[in-house]
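Novice: Quick one: the structure is below, questions incoming.
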Amino acid sequence: MIRRALLISSALAFAALLAACSDSGSKPAGNAGAGAAQQAAPVGVVTLAKGTFPITTILPGRAETFQTADIRPQVSGLIREIAFKDGGEIKKGDLLYQIEDAPYVAAVEQAKAAISKAQASVPSAESNLDRYQRLVGSGATQIEFETAKTTLLQAKAEVESAKAALSAAQIDLDHTRIVAPFDGIIDQTAVNVGNVVSANQTTALTTIRQLDPIYISLTESSTNLLKLRDAMAAGDIKGEANVVFHLILENGKEYNQQGKLDMSKQVVSETTGTFIIRVLFPNPDRIVLPGMYVRATVELGAEAGYALPQLATSRDANGRLTAQFISADGKVETRAFENSSPSNNSWLVTEGIKDGDQLIVTGLQSITSGMPVKPVPMKINDTGVVVPAEQPAAGDAEKPAAK
C-alpha cells in the first residue's frame with residue numbers, strides 16, 4: 001500500500017510539472033499572436049475631393065423602327081414587274097411593283113373622249129340660249145327660255161363630270177406603279193411576277209422599315225419618375241429638353257450617337273409599375289436594329305459632391321450605401337449614406353465625407369471594421385480599373401481590383 005501511494009504521488013508531481021511547463025511556454029506564443037493581429041494590412045485607397053459630377057441613371061430598353069409600312073395594292077391587276085431586291089435599301093419614290101396598266105390606260109383615254117364629247121354640246125346650248133333670250137316676249141315663251149338655260153347648265157355639268165372621271169381614271173393608272181413611301185429597308189416580296197393582286201387586299205405585298213433615325217423604348221419605374229419631377233421642380237437638374245441619352249449596345253460598347261427625348265407614355269403599367277420613355281437616336285450606319293435589347297445611360301444634370309466608385313461600395317440590410325474608409329488613427333471605418341445618386345460608374349454622395357478622406361478600393365475582402373491598415377495610393381482609370389497612383393511601367397498589365 002505504501003509503495004502504491006508513493007507511485008501515485010510521483011505521477012501527480014510529474015503531471016503538475018508538465019502543466020507548469022506548458023503554461024510557461026504558452027504565454028510567449030500568445031504575445032506573438034497578439035503582435036501579429038496588430039500588424040497593419042496594406043489596402044489600396046483613393047483620396048476624395050469634392051467636385052461636380054453628372055447625375056445619371058441606366059434604363060433597359062428595346063429598339064423599334066421609326067416608321068413601318070405594309071405595302072398593299074390600291075388597284076387590281078396582274079403583277080408585271082418587281083423592281084427591288086429583297087432585303088435591299090430603297091429610297092422614297094422608288095418603283096417597287098408595276099401592275100399591268102393597259103386596262104387603266106384605256107380607261108384614261110375613254111375619259112378624255114367623254115370630255116371632248118361633253119364639250120362639243122356646250123357651244124350649241126349657248127347659242128340656243130342667246131336666241132331664246134332675244135325672242136322672249138316676241139316669238140318665244142319664258143318657258144322656252146328657261147329650258148334653254150337649263151340645257152346649257154347640263155352641258156357644262158357633263159363636261160365637269162367627264163373631267164372628274166378622267167381624274168379618277170388617271171389616279172387608278174398612277175396606282176399601277178407602287179412606289180416606296182419613304183427611305184428604308186424592304187422585306188422579301190410575298191408575290192411573284194404573274195400573280196394577280198386585288199385592291200386593298202389584307203395580305204401585304206411586302207414591308208418597308210425606316211431605320212434612320214430609330215426609336216429606343218426605355219422602361220422606368222414610376223417611383224423614379226416622381227423623384228425626377230421633384231428634382232426638376234427644385235432646379236437640381238436640367239429640364240427634359242436638355243436631357244442627354246447615351247446608348248450601350250448588347251456587346252457592352254457605347255453607341256457613338258446621342259439621343260433626344262421624343263415622348264413619355266403618360267400611363268403607368270398596373271402590373272409592373274413602370275412607364276415607357278421613347279428616345280430618338282440617329283442611326284446612319286444601321287448599327288442598331290429593331291428588336292435589339294439595349295441600355296441607355298441618361299444624364300439628367302450635374303451636382304456637387306463626392307464620387308464613390310461602385311466597385312468600392314455595397315448595400316447594408318437597410319439598403320443604405322456603405323463604404324470603407326481609413327480613420328484618423330489608421331483603422332478601417334465603415335460609413336453608411338442615406339442618400340446617393342448614380343453617376344456613371346460611381347455613386348454621388350453629398351454628406352458624410354470631406355476633402356482628403358481616404359476611400360478603400362482594394363483588399364476589401366480581407367479587412368473588417370476597426371482593423372488597422374496601411375494605405376497604398378491608387379487611382380481609377382477611364383475604364384474603371386484600379387491601378388497604382390504612379391504610372392505603371394511599360395508592359396505592365398492593368399488588372400481589375402479585387403473587392
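By convention here, the chains of the C-alpha cells are called A, B, ... in the order presented, each chain's residues are numbered starting at 1, and ligands are numbered starting at 1 in the order presented.
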Please identify which residues in stretch 323-376 of chain A DSSP calls strand (DSSP E or B) from the backbone, and express them as a ChimeraX atom specification.
Specialist: /A:323-326,331-337,341-343,346-349,358-360,372-376
Novice: Identify, on the basis of only C-alpha atoms, every residue whose closest approach to A:Pro309 does not exceed 9 Å; exclude the query and any residue fewer than 5 positions from it along the same chain; express the result as a short mmCIF file (atom, residue, chain, number, x, y, z; two decimals) with N, CA, C and O atoms, in the first residue's frame.
Specialist:
data_model
loop_
_atom_site.label_atom_id
_atom_site.label_comp_id
_atom_site.auth_asym_id
_atom_site.auth_seq_id
_atom_site.Cartn_x
_atom_site.Cartn_y
_atom_site.Cartn_z
N ASN A 345 -20.11 55.29 -63.36
CA ASN A 345 -19.73 54.09 -62.62
C ASN A 345 -19.52 54.36 -61.13
O ASN A 345 -18.83 53.59 -60.45
N SER A 346 -20.09 55.44 -60.64
CA SER A 346 -19.90 55.83 -59.25
C SER A 346 -21.24 56.17 -58.61
O SER A 346 -22.27 56.26 -59.29
N TRP A 347 -21.18 56.36 -57.28
CA TRP A 347 -22.33 56.87 -56.53
C TRP A 347 -21.96 58.26 -56.03
O TRP A 347 -20.89 58.46 -55.45
N LEU A 348 -22.84 59.22 -56.28
CA LEU A 348 -22.59 60.60 -55.87
C LEU A 348 -23.18 60.83 -54.48
O LEU A 348 -24.38 60.64 -54.26
N VAL A 361 -10.33 50.93 -51.80
CA VAL A 361 -10.84 50.40 -53.06
C VAL A 361 -10.33 49.00 -53.37
O VAL A 361 -10.88 48.31 -54.23
N ILE A 380 -8.19 55.35 -60.24
CA ILE A 380 -9.11 54.61 -61.13
C ILE A 380 -9.04 55.25 -62.50
O ILE A 380 -9.28 56.46 -62.65
N GLY A 384 -12.46 52.42 -65.56
CA GLY A 384 -12.98 51.93 -64.29
C GLY A 384 -12.10 50.89 -63.62
O GLY A 384 -12.54 50.20 -62.71
#
Novice: Taking 3 positions as the minimum chain separation for residues in the same chain, which residues sit within 8 Å of A:Val294 when counting only C-alpha atoms? Answer as a ChimeraX atom specification.
Specialist: /A:60-63,247-250
Novice: For the residues in the current selection, export N, CA, C and O atoms as a PDB file, in the first residue's frame.
Specialist:
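Final file, part-v8.pdb:
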ATOM      1  N   PRO A  60     -33.182  49.979 -69.010  1.00  0.00           N
ATOM      2  CA  PRO A  60     -33.241  48.958 -70.064  1.00  0.00           C
ATOM      3  C   PRO A  60     -34.197  49.402 -71.165  1.00  0.00           C
ATOM      4  O   PRO A  60     -35.150  50.146 -70.916  1.00  0.00           O
ATOM      5  N   GLY A  61     -33.927  48.941 -72.378  1.00  0.00           N
ATOM      6  CA  GLY A  61     -34.789  49.338 -73.484  1.00  0.00           C
ATOM      7  C   GLY A  61     -34.686  48.388 -74.656  1.00  0.00           C
ATOM      8  O   GLY A  61     -33.908  47.435 -74.651  1.00  0.00           O
ATOM      9  N   ARG A  62     -35.492  48.700 -75.657  1.00  0.00           N
ATOM     10  CA  ARG A  62     -35.520  47.874 -76.873  1.00  0.00           C
ATOM     11  C   ARG A  62     -35.690  48.777 -78.081  1.00  0.00           C
ATOM     12  O   ARG A  62     -36.415  49.769 -78.035  1.00  0.00           O
ATOM     13  N   ALA A  63     -34.989  48.431 -79.171  1.00  0.00           N
ATOM     14  CA  ALA A  63     -35.029  49.242 -80.386  1.00  0.00           C
ATOM     15  C   ALA A  63     -36.301  48.960 -81.185  1.00  0.00           C
ATOM     16  O   ALA A  63     -36.748  47.814 -81.277  1.00  0.00           O
ATOM     17  N   LEU A 247     -26.305  55.440 -75.481  1.00  0.00           N
ATOM     18  CA  LEU A 247     -26.764  54.068 -75.659  1.00  0.00           C
ATOM     19  C   LEU A 247     -25.629  53.081 -75.457  1.00  0.00           C
ATOM     20  O   LEU A 247     -24.509  53.287 -75.938  1.00  0.00           O
ATOM     21  N   ILE A 248     -25.915  52.006 -74.723  1.00  0.00           N
ATOM     22  CA  ILE A 248     -24.969  50.907 -74.536  1.00  0.00           C
ATOM     23  C   ILE A 248     -25.529  49.694 -75.268  1.00  0.00           C
ATOM     24  O   ILE A 248     -26.627  49.221 -74.965  1.00  0.00           O
ATOM     25  N   LEU A 249     -24.783  49.188 -76.246  1.00  0.00           N
ATOM     26  CA  LEU A 249     -25.259  48.098 -77.102  1.00  0.00           C
ATOM     27  C   LEU A 249     -25.156  46.761 -76.392  1.00  0.00           C
ATOM     28  O   LEU A 249     -24.619  46.646 -75.285  1.00  0.00           O
ATOM     29  N   GLU A 250     -25.670  45.716 -77.057  1.00  0.00           N
ATOM     30  CA  GLU A 250     -25.694  44.381 -76.461  1.00  0.00           C
ATOM     31  C   GLU A 250     -24.299  43.845 -76.176  1.00  0.00           C
ATOM     32  O   GLU A 250     -24.114  43.030 -75.270  1.00  0.00           O
TER      33      GLU A 250
END
Novice: May I have the residues within 12 Å of stretch 91-104 of chain A as number ranges by chain, using only C-alpha atoms and disregarding those fewer than 5 positions away in the same chain?
Specialist: A: 71-86, 109-111, 166-199, 205-210
Novice: Quick one: everything within 12 Å of A:Asn128, counting only C-alpha atoms, minus sequence neighbours fewer than 3 positions away in the same chain. Send it as a PDB file with all heavy atoms, in the first residue's frame.
Specialist:
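Here's the written file out-v4.pdb:
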ATOM      1  N   SER A 121     -71.113  69.834-126.947  1.00  0.00           N
ATOM      2  CA  SER A 121     -72.509  70.240-126.819  1.00  0.00           C
ATOM      3  C   SER A 121     -72.674  71.614-126.163  1.00  0.00           C
ATOM      4  O   SER A 121     -73.764  72.183-126.183  1.00  0.00           O
ATOM      5  CB  SER A 121     -73.279  69.197-126.018  1.00  0.00           C
ATOM      6  OG  SER A 121     -72.775  69.105-124.697  1.00  0.00           O
ATOM      7  N   VAL A 122     -71.604  72.144-125.603  1.00  0.00           N
ATOM      8  CA  VAL A 122     -71.716  73.434-124.898  1.00  0.00           C
ATOM      9  C   VAL A 122     -71.961  74.598-125.858  1.00  0.00           C
ATOM     10  O   VAL A 122     -72.869  75.428-125.621  1.00  0.00           O
ATOM     11  CB  VAL A 122     -70.457  73.670-124.037  1.00  0.00           C
ATOM     12  CG1 VAL A 122     -70.475  75.082-123.434  1.00  0.00           C
ATOM     13  CG2 VAL A 122     -70.371  72.641-122.922  1.00  0.00           C
ATOM     14  N   PRO A 123     -71.195  74.753-126.958  1.00  0.00           N
ATOM     15  CA  PRO A 123     -71.448  75.907-127.859  1.00  0.00           C
ATOM     16  C   PRO A 123     -72.875  75.933-128.411  1.00  0.00           C
ATOM     17  O   PRO A 123     -73.490  77.009-128.518  1.00  0.00           O
ATOM     18  CB  PRO A 123     -70.424  75.701-128.966  1.00  0.00           C
ATOM     19  CG  PRO A 123     -69.337  74.905-128.330  1.00  0.00           C
ATOM     20  CD  PRO A 123     -70.031  73.976-127.404  1.00  0.00           C
ATOM     21  N   SER A 124     -73.401  74.777-128.780  1.00  0.00           N
ATOM     22  CA  SER A 124     -74.769  74.726-129.312  1.00  0.00           C
ATOM     23  C   SER A 124     -75.773  75.174-128.261  1.00  0.00           C
ATOM     24  O   SER A 124     -76.713  75.930-128.557  1.00  0.00           O
ATOM     25  CB  SER A 124     -75.084  73.302-129.773  1.00  0.00           C
ATOM     26  OG  SER A 124     -76.436  73.210-130.196  1.00  0.00           O
ATOM     27  N   ALA A 125     -75.581  74.751-127.028  1.00  0.00           N
ATOM     28  CA  ALA A 125     -76.501  75.140-125.957  1.00  0.00           C
ATOM     29  C   ALA A 125     -76.393  76.626-125.666  1.00  0.00           C
ATOM     30  O   ALA A 125     -77.406  77.292-125.372  1.00  0.00           O
ATOM     31  CB  ALA A 125     -76.196  74.334-124.696  1.00  0.00           C
ATOM     32  N   ARG A 131     -80.435  82.936-128.470  1.00  0.00           N
ATOM     33  CA  ARG A 131     -81.564  83.172-129.382  1.00  0.00           C
ATOM     34  C   ARG A 131     -82.873  83.318-128.613  1.00  0.00           C
ATOM     35  O   ARG A 131     -83.657  84.235-128.861  1.00  0.00           O
ATOM     36  CB  ARG A 131     -81.653  82.024-130.394  1.00  0.00           C
ATOM     37  CG  ARG A 131     -82.741  82.271-131.446  1.00  0.00           C
ATOM     38  CD  ARG A 131     -82.735  81.197-132.531  1.00  0.00           C
ATOM     39  NE  ARG A 131     -83.107  79.882-132.014  1.00  0.00           N
ATOM     40  CZ  ARG A 131     -82.239  78.895-131.804  1.00  0.00           C
ATOM     41  NH1 ARG A 131     -80.936  79.085-132.044  1.00  0.00           N
ATOM     42  NH2 ARG A 131     -82.647  77.725-131.348  1.00  0.00           N
ATOM     43  N   TYR A 132     -83.113  82.415-127.671  1.00  0.00           N
ATOM     44  CA  TYR A 132     -84.360  82.490-126.894  1.00  0.00           C
ATOM     45  C   TYR A 132     -84.395  83.729-126.007  1.00  0.00           C
ATOM     46  O   TYR A 132     -85.464  84.293-125.752  1.00  0.00           O
ATOM     47  CB  TYR A 132     -84.538  81.233-126.038  1.00  0.00           C
ATOM     48  CG  TYR A 132     -85.107  80.065-126.824  1.00  0.00           C
ATOM     49  CD1 TYR A 132     -84.328  78.945-127.093  1.00  0.00           C
ATOM     50  CD2 TYR A 132     -86.423  80.096-127.288  1.00  0.00           C
ATOM     51  CE1 TYR A 132     -84.829  77.868-127.802  1.00  0.00           C
ATOM     52  CE2 TYR A 132     -86.939  79.023-127.994  1.00  0.00           C
ATOM     53  CZ  TYR A 132     -86.147  77.915-128.256  1.00  0.00           C
ATOM     54  OH  TYR A 132     -86.655  76.858-128.981  1.00  0.00           O
ATOM     55  N   GLN A 133     -83.225  84.167-125.572  1.00  0.00           N
ATOM     56  CA  GLN A 133     -83.195  85.358-124.733  1.00  0.00           C
ATOM     57  C   GLN A 133     -83.614  86.594-125.521  1.00  0.00           C
ATOM     58  O   GLN A 133     -84.290  87.482-124.998  1.00  0.00           O
ATOM     59  CB  GLN A 133     -81.775  85.549-124.171  1.00  0.00           C
ATOM     60  CG  GLN A 133     -81.665  86.631-123.122  1.00  0.00           C
ATOM     61  CD  GLN A 133     -80.286  86.687-122.505  1.00  0.00           C
ATOM     62  OE1 GLN A 133     -79.350  86.076-123.008  1.00  0.00           O
ATOM     63  NE2 GLN A 133     -80.170  87.395-121.386  1.00  0.00           N
ATOM     64  N   ARG A 134     -83.255  86.671-126.833  1.00  0.00           N
ATOM     65  CA  ARG A 134     -83.651  87.796-127.670  1.00  0.00           C
ATOM     66  C   ARG A 134     -85.119  87.746-128.059  1.00  0.00           C
ATOM     67  O   ARG A 134     -85.756  88.784-128.269  1.00  0.00           O
ATOM     68  CB  ARG A 134     -82.794  87.822-128.949  1.00  0.00           C
ATOM     69  CG  ARG A 134     -81.319  88.143-128.686  1.00  0.00           C
ATOM     70  CD  ARG A 134     -80.625  88.465-130.000  1.00  0.00           C
ATOM     71  NE  ARG A 134     -80.756  87.361-130.953  1.00  0.00           N
ATOM     72  CZ  ARG A 134     -79.888  86.366-131.067  1.00  0.00           C
ATOM     73  NH1 ARG A 134     -78.821  86.310-130.250  1.00  0.00           N
ATOM     74  NH2 ARG A 134     -80.070  85.420-131.966  1.00  0.00           N
ATOM     75  N   LEU A 135     -85.663  86.522-128.127  1.00  0.00           N
ATOM     76  CA  LEU A 135     -87.046  86.371-128.614  1.00  0.00           C
ATOM     77  C   LEU A 135     -88.079  86.294-127.503  1.00  0.00           C
ATOM     78  O   LEU A 135     -89.273  86.123-127.793  1.00  0.00           O
ATOM     79  CB  LEU A 135     -87.147  85.107-129.475  1.00  0.00           C
ATOM     80  CG  LEU A 135     -86.316  85.103-130.764  1.00  0.00           C
ATOM     81  CD1 LEU A 135     -86.430  83.759-131.463  1.00  0.00           C
ATOM     82  CD2 LEU A 135     -86.762  86.234-131.688  1.00  0.00           C
ATOM     83  N   ALA A 140     -90.945  83.827-128.510  1.00  0.00           N
ATOM     84  CA  ALA A 140     -90.576  82.704-127.658  1.00  0.00           C
ATOM     85  C   ALA A 140     -91.141  82.938-126.260  1.00  0.00           C
ATOM     86  O   ALA A 140     -91.217  84.076-125.778  1.00  0.00           O
ATOM     87  CB  ALA A 140     -89.057  82.563-127.564  1.00  0.00           C
ATOM     88  N   GLU A 144     -89.662  78.431-122.726  1.00  0.00           N
ATOM     89  CA  GLU A 144     -88.644  78.001-123.688  1.00  0.00           C
ATOM     90  C   GLU A 144     -87.267  78.576-123.326  1.00  0.00           C
ATOM     91  O   GLU A 144     -86.233  77.916-123.479  1.00  0.00           O
ATOM     92  CB  GLU A 144     -89.048  78.443-125.092  1.00  0.00           C
ATOM     93  CG  GLU A 144     -90.242  77.675-125.639  1.00  0.00           C
ATOM     94  CD  GLU A 144     -90.720  78.216-126.967  1.00  0.00           C
ATOM     95  OE1 GLU A 144     -90.586  79.432-127.185  1.00  0.00           O
ATOM     96  OE2 GLU A 144     -91.192  77.405-127.787  1.00  0.00           O
ATOM     97  N   PHE A 145     -87.279  79.830-122.862  1.00  0.00           N
ATOM     98  CA  PHE A 145     -86.017  80.437-122.455  1.00  0.00           C
ATOM     99  C   PHE A 145     -85.401  79.699-121.257  1.00  0.00           C
ATOM    100  O   PHE A 145     -84.198  79.412-121.234  1.00  0.00           O
ATOM    101  CB  PHE A 145     -86.263  81.906-122.102  1.00  0.00           C
ATOM    102  CG  PHE A 145     -85.080  82.574-121.462  1.00  0.00           C
ATOM    103  CD1 PHE A 145     -83.941  82.884-122.196  1.00  0.00           C
ATOM    104  CD2 PHE A 145     -85.091  82.866-120.100  1.00  0.00           C
ATOM    105  CE1 PHE A 145     -82.855  83.482-121.582  1.00  0.00           C
ATOM    106  CE2 PHE A 145     -84.005  83.461-119.492  1.00  0.00           C
ATOM    107  CZ  PHE A 145     -82.876  83.777-120.237  1.00  0.00           C
ATOM    108  N   GLU A 146     -86.233  79.365-120.262  1.00  0.00           N
ATOM    109  CA  GLU A 146     -85.738  78.652-119.090  1.00  0.00           C
ATOM    110  C   GLU A 146     -85.224  77.264-119.453  1.00  0.00           C
ATOM    111  O   GLU A 146     -84.231  76.778-118.899  1.00  0.00           O
ATOM    112  CB  GLU A 146     -86.846  78.541-118.039  1.00  0.00           C
ATOM    113  CG  GLU A 146     -87.291  79.870-117.453  1.00  0.00           C
ATOM    114  CD  GLU A 146     -86.185  80.549-116.672  1.00  0.00           C
ATOM    115  OE1 GLU A 146     -85.246  79.852-116.191  1.00  0.00           O
ATOM    116  OE2 GLU A 146     -86.224  81.789-116.535  1.00  0.00           O
ATOM    117  N   THR A 147     -85.907  76.637-120.416  1.00  0.00           N
ATOM    118  CA  THR A 147     -85.466  75.305-120.848  1.00  0.00           C
ATOM    119  C   THR A 147     -84.098  75.378-121.515  1.00  0.00           C
ATOM    120  O   THR A 147     -83.223  74.531-121.293  1.00  0.00           O
ATOM    121  CB  THR A 147     -86.487  74.704-121.815  1.00  0.00           C
ATOM    122  OG1 THR A 147     -87.769  74.597-121.168  1.00  0.00           O
ATOM    123  CG2 THR A 147     -86.055  73.327-122.276  1.00  0.00           C
ATOM    124  N   ALA A 148     -83.865  76.373-122.325  1.00  0.00           N
ATOM    125  CA  ALA A 148     -82.572  76.551-122.997  1.00  0.00           C
ATOM    126  C   ALA A 148     -81.473  76.826-121.975  1.00  0.00           C
ATOM    127  O   ALA A 148     -80.329  76.355-122.116  1.00  0.00           O
ATOM    128  CB  ALA A 148     -82.659  77.693-124.006  1.00  0.00           C
ATOM    129  N   LYS A 149     -81.818  77.589-120.964  1.00  0.00           N
ATOM    130  CA  LYS A 149     -80.846  77.890-119.922  1.00  0.00           C
ATOM    131  C   LYS A 149     -80.442  76.619-119.166  1.00  0.00           C
ATOM    132  O   LYS A 149     -79.258  76.388-118.872  1.00  0.00           O
ATOM    133  CB  LYS A 149     -81.458  78.909-118.962  1.00  0.00           C
ATOM    134  CG  LYS A 149     -80.514  79.406-117.890  1.00  0.00           C
ATOM    135  CD  LYS A 149     -81.206  80.471-117.049  1.00  0.00           C
ATOM    136  CE  LYS A 149     -80.259  80.995-115.972  1.00  0.00           C
ATOM    137  NZ  LYS A 149     -80.921  82.045-115.132  1.00  0.00           N
ATOM    138  N   THR A 150     -81.446  75.780-118.878  1.00  0.00           N
ATOM    139  CA  THR A 150     -81.181  74.520-118.178  1.00  0.00           C
ATOM    140  C   THR A 150     -80.322  73.595-119.025  1.00  0.00           C
ATOM    141  O   THR A 150     -79.416  72.913-118.516  1.00  0.00           O
ATOM    142  CB  THR A 150     -82.494  73.838-117.822  1.00  0.00           C
ATOM    143  OG1 THR A 150     -83.266  74.712-116.987  1.00  0.00           O
ATOM    144  CG2 THR A 150     -82.252  72.531-117.096  1.00  0.00           C
ATOM    145  N   THR A 151     -80.580  73.576-120.318  1.00  0.00           N
ATOM    146  CA  THR A 151     -79.814  72.717-121.224  1.00  0.00           C
ATOM    147  C   THR A 151     -78.335  73.089-121.222  1.00  0.00           C
ATOM    148  O   THR A 151     -77.444  72.220-121.228  1.00  0.00           O
ATOM    149  CB  THR A 151     -80.373  72.818-122.642  1.00  0.00           C
ATOM    150  OG1 THR A 151     -81.752  72.410-122.645  1.00  0.00           O
ATOM    151  CG2 THR A 151     -79.585  71.927-123.595  1.00  0.00           C
ATOM    152  N   LEU A 152     -78.042  74.401-121.204  1.00  0.00           N
ATOM    153  CA  LEU A 152     -76.652  74.851-121.179  1.00  0.00           C
ATOM    154  C   LEU A 152     -75.970  74.431-119.876  1.00  0.00           C
ATOM    155  O   LEU A 152     -74.822  73.964-119.879  1.00  0.00           O
ATOM    156  CB  LEU A 152     -76.597  76.369-121.335  1.00  0.00           C
ATOM    157  CG  LEU A 152     -75.195  76.999-121.203  1.00  0.00           C
ATOM    158  CD1 LEU A 152     -74.253  76.431-122.270  1.00  0.00           C
ATOM    159  CD2 LEU A 152     -75.279  78.520-121.310  1.00  0.00           C
TER     160      LEU A 152
END
Novice: Interatomic distance between atom CA of A:Gly370 and atom CA of A:Gly356?
Specialist: 19.6 Å
Novice: Would you please give, as a ChimeraX atom specification, all residues of stretch 278-397 of chain A that DSSP assigns to helix (DSSP H, G or I) based on the backbone?
Specialist: /A:310-312,364-366
Novice: Which residues are near A:Lys163? Cut-off 10 Å, only C-alpha atoms, ignore same chain within fewer than 6 positions. Put them as a list in words.
Specialist: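 With the cut-off at 10 Å, the set is Ala111, Lys112, Ala114, Ile115, Ser116, Ala118, Ala157 and Ala169 of chain A.
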Novice: Dump N, CA and C atoms for the selected residues as a CSV table (one decimal), in the first residue's frame?
Specialist:
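Result saved to selection.csv:
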chain,number,residue,atom,x,y,z
A,111,ALA,N,-62.0,58.4,-120.8
A,111,ALA,CA,-62.4,59.6,-120.0
A,111,ALA,C,-62.1,60.8,-120.8
A,112,LYS,N,-61.0,60.8,-121.5
A,112,LYS,CA,-60.7,62.0,-122.3
A,112,LYS,C,-61.7,62.2,-123.5
A,114,ALA,N,-64.8,61.3,-123.4
A,114,ALA,CA,-66.0,61.7,-122.8
A,114,ALA,C,-66.0,63.2,-122.6
A,115,ILE,N,-64.8,63.8,-122.2
A,115,ILE,CA,-64.7,65.2,-122.0
A,115,ILE,C,-64.9,65.9,-123.4
A,116,SER,N,-64.3,65.4,-124.4
A,116,SER,CA,-64.5,66.0,-125.7
A,116,SER,C,-65.9,66.0,-126.2
A,118,ALA,N,-68.6,65.9,-124.3
A,118,ALA,CA,-69.4,66.8,-123.4
A,118,ALA,C,-69.1,68.3,-123.8
A,157,ALA,N,-72.2,70.9,-116.9
A,157,ALA,CA,-72.1,69.9,-115.8
A,157,ALA,C,-71.5,68.6,-116.3
A,169,ALA,N,-59.7,58.1,-113.3
A,169,ALA,CA,-59.0,57.1,-114.2
A,169,ALA,C,-57.5,57.3,-114.1
Novice: How many Å lie between atom CA of A:Thr274 and atom CA of A:Gln258, rounded to one decimal?
Specialist: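 Going from atom CA of A:Thr274 over to atom CA of A:Gln258 covers 23.7 Å.
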Novice: Neighbours of A:Leu280 within 6 Å (only C-alpha atoms; same-chain residues fewer than 4 positions away dropped), as a PDB file with all heavy atoms, in the first residue's frame?
Specialist:
ATOM      1  N   ILE A 214     -33.907  55.914 -85.380  1.00  0.00           N
ATOM      2  CA  ILE A 214     -34.543  54.747 -84.789  1.00  0.00           C
ATOM      3  C   ILE A 214     -35.002  55.079 -83.374  1.00  0.00           C
ATOM      4  O   ILE A 214     -34.386  55.894 -82.679  1.00  0.00           O
ATOM      5  CB  ILE A 214     -33.582  53.542 -84.775  1.00  0.00           C
ATOM      6  CG1 ILE A 214     -34.336  52.247 -84.517  1.00  0.00           C
ATOM      7  CG2 ILE A 214     -32.433  53.742 -83.788  1.00  0.00           C
ATOM      8  CD1 ILE A 214     -33.551  50.993 -84.851  1.00  0.00           C
ATOM      9  N   TYR A 215     -36.120  54.462 -82.982  1.00  0.00           N
ATOM     10  CA  TYR A 215     -36.650  54.682 -81.637  1.00  0.00           C
ATOM     11  C   TYR A 215     -36.047  53.664 -80.662  1.00  0.00           C
ATOM     12  O   TYR A 215     -35.832  52.504 -81.009  1.00  0.00           O
ATOM     13  CB  TYR A 215     -38.167  54.506 -81.617  1.00  0.00           C
ATOM     14  CG  TYR A 215     -38.939  55.672 -82.187  1.00  0.00           C
ATOM     15  CD1 TYR A 215     -39.926  55.467 -83.153  1.00  0.00           C
ATOM     16  CD2 TYR A 215     -38.716  56.973 -81.741  1.00  0.00           C
ATOM     17  CE1 TYR A 215     -40.650  56.531 -83.669  1.00  0.00           C
ATOM     18  CE2 TYR A 215     -39.438  58.033 -82.255  1.00  0.00           C
ATOM     19  CZ  TYR A 215     -40.396  57.808 -83.221  1.00  0.00           C
ATOM     20  OH  TYR A 215     -41.117  58.859 -83.725  1.00  0.00           O
ATOM     21  N   GLY A 259     -28.935  60.530 -78.128  1.00  0.00           N
ATOM     22  CA  GLY A 259     -30.369  60.525 -78.371  1.00  0.00           C
ATOM     23  C   GLY A 259     -31.062  61.690 -77.688  1.00  0.00           C
ATOM     24  O   GLY A 259     -30.527  62.315 -76.775  1.00  0.00           O
ATOM     25  N   LYS A 260     -32.275  61.972 -78.149  1.00  0.00           N
ATOM     26  CA  LYS A 260     -33.077  63.021 -77.531  1.00  0.00           C
ATOM     27  C   LYS A 260     -34.464  62.475 -77.207  1.00  0.00           C
ATOM     28  O   LYS A 260     -34.984  61.602 -77.904  1.00  0.00           O
ATOM     29  CB  LYS A 260     -33.184  64.239 -78.447  1.00  0.00           C
ATOM     30  CG  LYS A 260     -33.858  63.982 -79.784  1.00  0.00           C
ATOM     31  CD  LYS A 260     -33.929  65.252 -80.620  1.00  0.00           C
ATOM     32  CE  LYS A 260     -34.629  64.999 -81.963  1.00  0.00           C
ATOM     33  NZ  LYS A 260     -34.718  66.247 -82.764  1.00  0.00           N
ATOM     34  N   ASP A 262     -38.184  61.829 -77.081  1.00  0.00           N
ATOM     35  CA  ASP A 262     -39.253  62.009 -78.066  1.00  0.00           C
ATOM     36  C   ASP A 262     -40.617  62.089 -77.385  1.00  0.00           C
ATOM     37  O   ASP A 262     -41.423  62.944 -77.699  1.00  0.00           O
ATOM     38  CB  ASP A 262     -39.235  60.857 -79.078  1.00  0.00           C
ATOM     39  CG  ASP A 262     -40.311  61.007 -80.142  1.00  0.00           C
ATOM     40  OD1 ASP A 262     -40.174  61.914 -80.982  1.00  0.00           O
ATOM     41  OD2 ASP A 262     -41.292  60.244 -80.114  1.00  0.00           O
TER      42      ASP A 262
END
Novice: Using only C-alpha atoms, which of A:Val332, A:Ala302, A:Met378, A:Val385 sits nearest A:Ala41?
Specialist: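 Of the candidates, the smallest distance to A:Ala41 is held by A:Val332.
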